[in-house]
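S.K.: Quick one: this structure, given as structure tokens, is what I'll be asking you about.
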Amino acid sequence: MEKDFHYHIIYSLARCTGFEREEAWIVAYSSQFVDDNNEGPFLVDGGEILFPKRLNLEGGVYHPIMTQSLSPKSLDFYVQKYVYMPFHFIPGDGRVVIKGKRNPFSVEPGSTRAKRLLKAALKTGDPYSIGIALHTCADTWSHQNFTAFREDWNSVYPWYNVFKSYVPNIGHAEAGHAPDVISARWIDHRLGEEEIDNRARAMEAIKDIFEMLSDFRGGMVWDSVERSYWEIIKIRGYDERIKVNALFVKEKFGEEVPFYDKNLWIRDALTCISWDGNWVEDLVGKGNDEDLMVRVSPRSGFKRSHWYLFHQAAKAHLARVMELVKGI
């Protein structure tokens with residue numbers, strides 16, 4: 001799904017289910033940042049940096065964890081296994097049958113593993129963990145019937161459709177961006193020629209997430225907000241959906257949805273410690289990891305920063321997922 005769901009709708013869902021404003025913002029930011037915590041570049045101290053794979057910290061080295069990849073690195077099996085699968089394509093319950101076959105790694109909407117993951121995060125009370133788990137849980141609706149890996153299972157188009165089937169069949173790459181767009185209608189040719197309306201899938205996700213959050217935190221009852229969410233979901237335009245969701249939040253809580261800036265957390269956590277007028281271009285062009293260690297440094301209070309706490313939660317999330325899937 002896109003930011004209209006992962007950030008804006010998740011924020012309103014968190015507020016409706018008992019989260020206070022600051023906590024709801026952290027939950028929603030963490031949910032969206034799963035997608036934005038990729039190769040970069042990010043804006044820090046007025047310059048662009050790539051994802052810092054390691055940082056000098058307290059006489060040692062700190063390793064952040066990437067939660068999305070948008071580069072050719074996605075062809076790497078380890079990216080598929082340790083980035084795509086745990087954060088975007090958590091395996092379902094093994095009930096999906098496509099062309100007479102089953103795939104234990106295929107995603108299923110609201111699967112047992114996704115719900116166990118979210119419940120575990122909710123039990124910690126950590127808003128960063130909750131936001132990350134919500135992203136993975138929401139993606140089970142938009143990524144259903146796909147896996148994180150490059151395999152024929154994910155091939156949506158017949159082999160003779162050369163231009164479409166040429167795309168590496170990792171996740172829903174062959175289907176393009178359509179599965180993630182709430183307002184999109186598209187055809188998954190593996191399942192037949194019936195058109196899929198993503199609005200129905202998104203509404204199922206909203207209701208399921210609302211109920212899971214309210215079981216832990218309380219807040220409003222579903223019947224009091226269902227119509228409002230249908231009004232949001234039925235809108236075809238991305239910007240208009242965000243606007244109507246914001247009006248819903250304003251009406252219910254008398255507040256604005258906080259602005260989302262993907263650079264905010266990393267900018268508050270890191271600083272550039274040298275400047276020669278050319279390093280930005282060199283760094284982005286070459287992606288030199290040694291330059292990253294030299295030129296980017298944790299700010300004072302780094303371990304209290306949102307960015308650090310997000311990465312710690314992402315590592316815990318990865319560990320929980322690997323435990324959940326160890327039997328397949």
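Residue numbering restarts at 1 for every chain of the structure tokens, chains are lettered A, B, ... in their displayed order, and ligands are numbered from 1 as they appear.
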From a backbone DSSP assignment, name each residue in stretch 25-90 of chain A labelled alpha helix (DSSP H), as a list in words.

M.R.: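 Filtering stretch 25-90 of chain A down to alpha helix (DSSP H) leaves Trp25, Ile26, Val27, Ala28, Tyr29, Ser30, Ser31, Gln32, Phe33, Val34, Asp35, Asp36, Phe77, Tyr78, Val79, Met85, Pro86 and Phe87 of chain A.
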
S.K.: Please provide as number ranges by chain all residues within 9 Å of A:Met203, with the sequence filter that same-chain residues fewer than 3 positions apart are discarded (counting only C-alpha atoms).

M.R.: A: 198-200, 206-208, 229-230, 233

S.K.: For the residues in that selection, give me N, CA and C atoms as a PDB file, in the first residue's frame.

M.R.:
ATOM      1  N   ASN A 198      -9.248  -2.904  -5.473  1.00  0.00           N
ATOM      2  CA  ASN A 198      -8.447  -2.769  -4.258  1.00  0.00           C
ATOM      3  C   ASN A 198      -9.178  -2.086  -3.111  1.00  0.00           C
ATOM      4  N   ARG A 199     -10.243  -1.347  -3.422  1.00  0.00           N
ATOM      5  CA  ARG A 199     -10.977  -0.664  -2.363  1.00  0.00           C
ATOM      6  C   ARG A 199     -11.563  -1.663  -1.370  1.00  0.00           C
ATOM      7  N   ALA A 200     -12.064  -2.784  -1.873  1.00  0.00           N
ATOM      8  CA  ALA A 200     -12.625  -3.812  -0.993  1.00  0.00           C
ATOM      9  C   ALA A 200     -11.538  -4.400  -0.099  1.00  0.00           C
ATOM     10  N   ILE A 206      -8.628  -2.218   6.931  1.00  0.00           N
ATOM     11  CA  ILE A 206      -8.966  -1.203   7.935  1.00  0.00           C
ATOM     12  C   ILE A 206      -9.782  -1.812   9.066  1.00  0.00           C
ATOM     13  N   LYS A 207     -10.801  -2.587   8.729  1.00  0.00           N
ATOM     14  CA  LYS A 207     -11.661  -3.186   9.756  1.00  0.00           C
ATOM     15  C   LYS A 207     -10.876  -4.157  10.630  1.00  0.00           C
ATOM     16  N   ASP A 208     -10.056  -4.986  10.023  1.00  0.00           N
ATOM     17  CA  ASP A 208      -9.295  -5.974  10.788  1.00  0.00           C
ATOM     18  C   ASP A 208      -8.294  -5.297  11.709  1.00  0.00           C
ATOM     19  N   TYR A 229     -14.861   5.586   7.090  1.00  0.00           N
ATOM     20  CA  TYR A 229     -13.782   4.929   6.346  1.00  0.00           C
ATOM     21  C   TYR A 229     -14.221   4.504   4.953  1.00  0.00           C
ATOM     22  N   TRP A 230     -15.488   4.127   4.810  1.00  0.00           N
ATOM     23  CA  TRP A 230     -15.985   3.860   3.461  1.00  0.00           C
ATOM     24  C   TRP A 230     -15.948   5.124   2.606  1.00  0.00           C
ATOM     25  N   ILE A 233     -12.269   5.457   1.545  1.00  0.00           N
ATOM     26  CA  ILE A 233     -11.799   4.418   0.632  1.00  0.00           C
ATOM     27  C   ILE A 233     -12.419   4.520  -0.757  1.00  0.00           C
TER      28      ILE A 233
END

S.K.: Interatomic distance between atom CA of A:Asp215 and atom CA of A:Asp35?

M.R.: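 Atom CA of A:Asp35 lies 26.7 Å from atom CA of A:Asp215.
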
S.K.: Where in stretch 192-312 of chain A does DSSP assign strand (DSSP E or B), given as an MDAnalysis selection string?

M.R.: chainID A and resid 196:197 270:272 296:298

S.K.: So which one's closest to A:Tyr260, A:Ile242, A:Ile273, A:Cys137, A:Met220? Using only C-alpha atoms, please.

M.R.: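 Result for the nearest residue to A:Tyr260: A:Ile242.
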
S.K.: Per residue of stretch 175-289 of chain A within 10 Å of stretch 14-17 of chain A, which atom pair is closest and at what distance in Å (one decimal), using only C-alpha atoms, listed by chain and increasing number, as a tab-separated table?

M.R.:
residue	atom	partner	partner_atom	distance
A:Ile209	CA	A:Ala14	CA	9.5
A:Phe210	CA	A:Thr17	CA	6.9
A:Glu211	CA	A:Thr17	CA	8.5
A:Met212	CA	A:Thr17	CA	9.2
A:Leu213	CA	A:Thr17	CA	6.0
A:Ser214	CA	A:Thr17	CA	4.9
A:Asp215	CA	A:Thr17	CA	8.6
A:Phe216	CA	A:Thr17	CA	8.5
A:Arg217	CA	A:Thr17	CA	5.9
A:Gly218	CA	A:Thr17	CA	5.4
A:Gly219	CA	A:Thr17	CA	4.1
A:Met220	CA	A:Cys16	CA	5.7
A:Val221	CA	A:Thr17	CA	8.3
A:Trp222	CA	A:Cys16	CA	9.3
A:Ser224	CA	A:Cys16	CA	9.9
A:Val225	CA	A:Cys16	CA	8.4
A:Val249	CA	A:Arg15	CA	8.1
A:Lys252	CA	A:Cys16	CA	8.4
A:Phe253	CA	A:Arg15	CA	8.2

S.K.: So that I can check the surroundings of A:His63, please list as a PyMOL selection string every protein, DNA and RNA residue that reaches within 7 Å of it, counting only C-alpha atoms and ignoring chain neighbours fewer than 3 positions away.

M.R.: chain A and resi 53-55

S.K.: In Å to one decimal, how far is atom CA of A:Val44 from atom CA of A:Gln80?

M.R.: 28.2 Å

S.K.: Compare A:Thr147, A:Ser69, A:Thr124, A:Ser142 by their minimum atom-to-atom distance to A:Val107, counting only C-alpha atoms, and give me the closest one.

M.R.: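 Between A:Thr147, A:Ser69, A:Thr124, A:Ser142, the residue approaching A:Val107 most closely is A:Thr147.
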
S.K.: Would you work out the distance separating atom CA of A:Phe89 from atom CA of A:Ser111, expressed in Å to one decimal?

M.R.: 11.0 Å

S.K.: Calculated over only C-alpha atoms, which of the candidates A:Gly301, A:Gly237, A:Pro179, A:Gly131 has the smallest distance to A:Tyr29?

M.R.: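 Looking only at the distances to A:Tyr29, the closest residue turns out to be A:Gly131.
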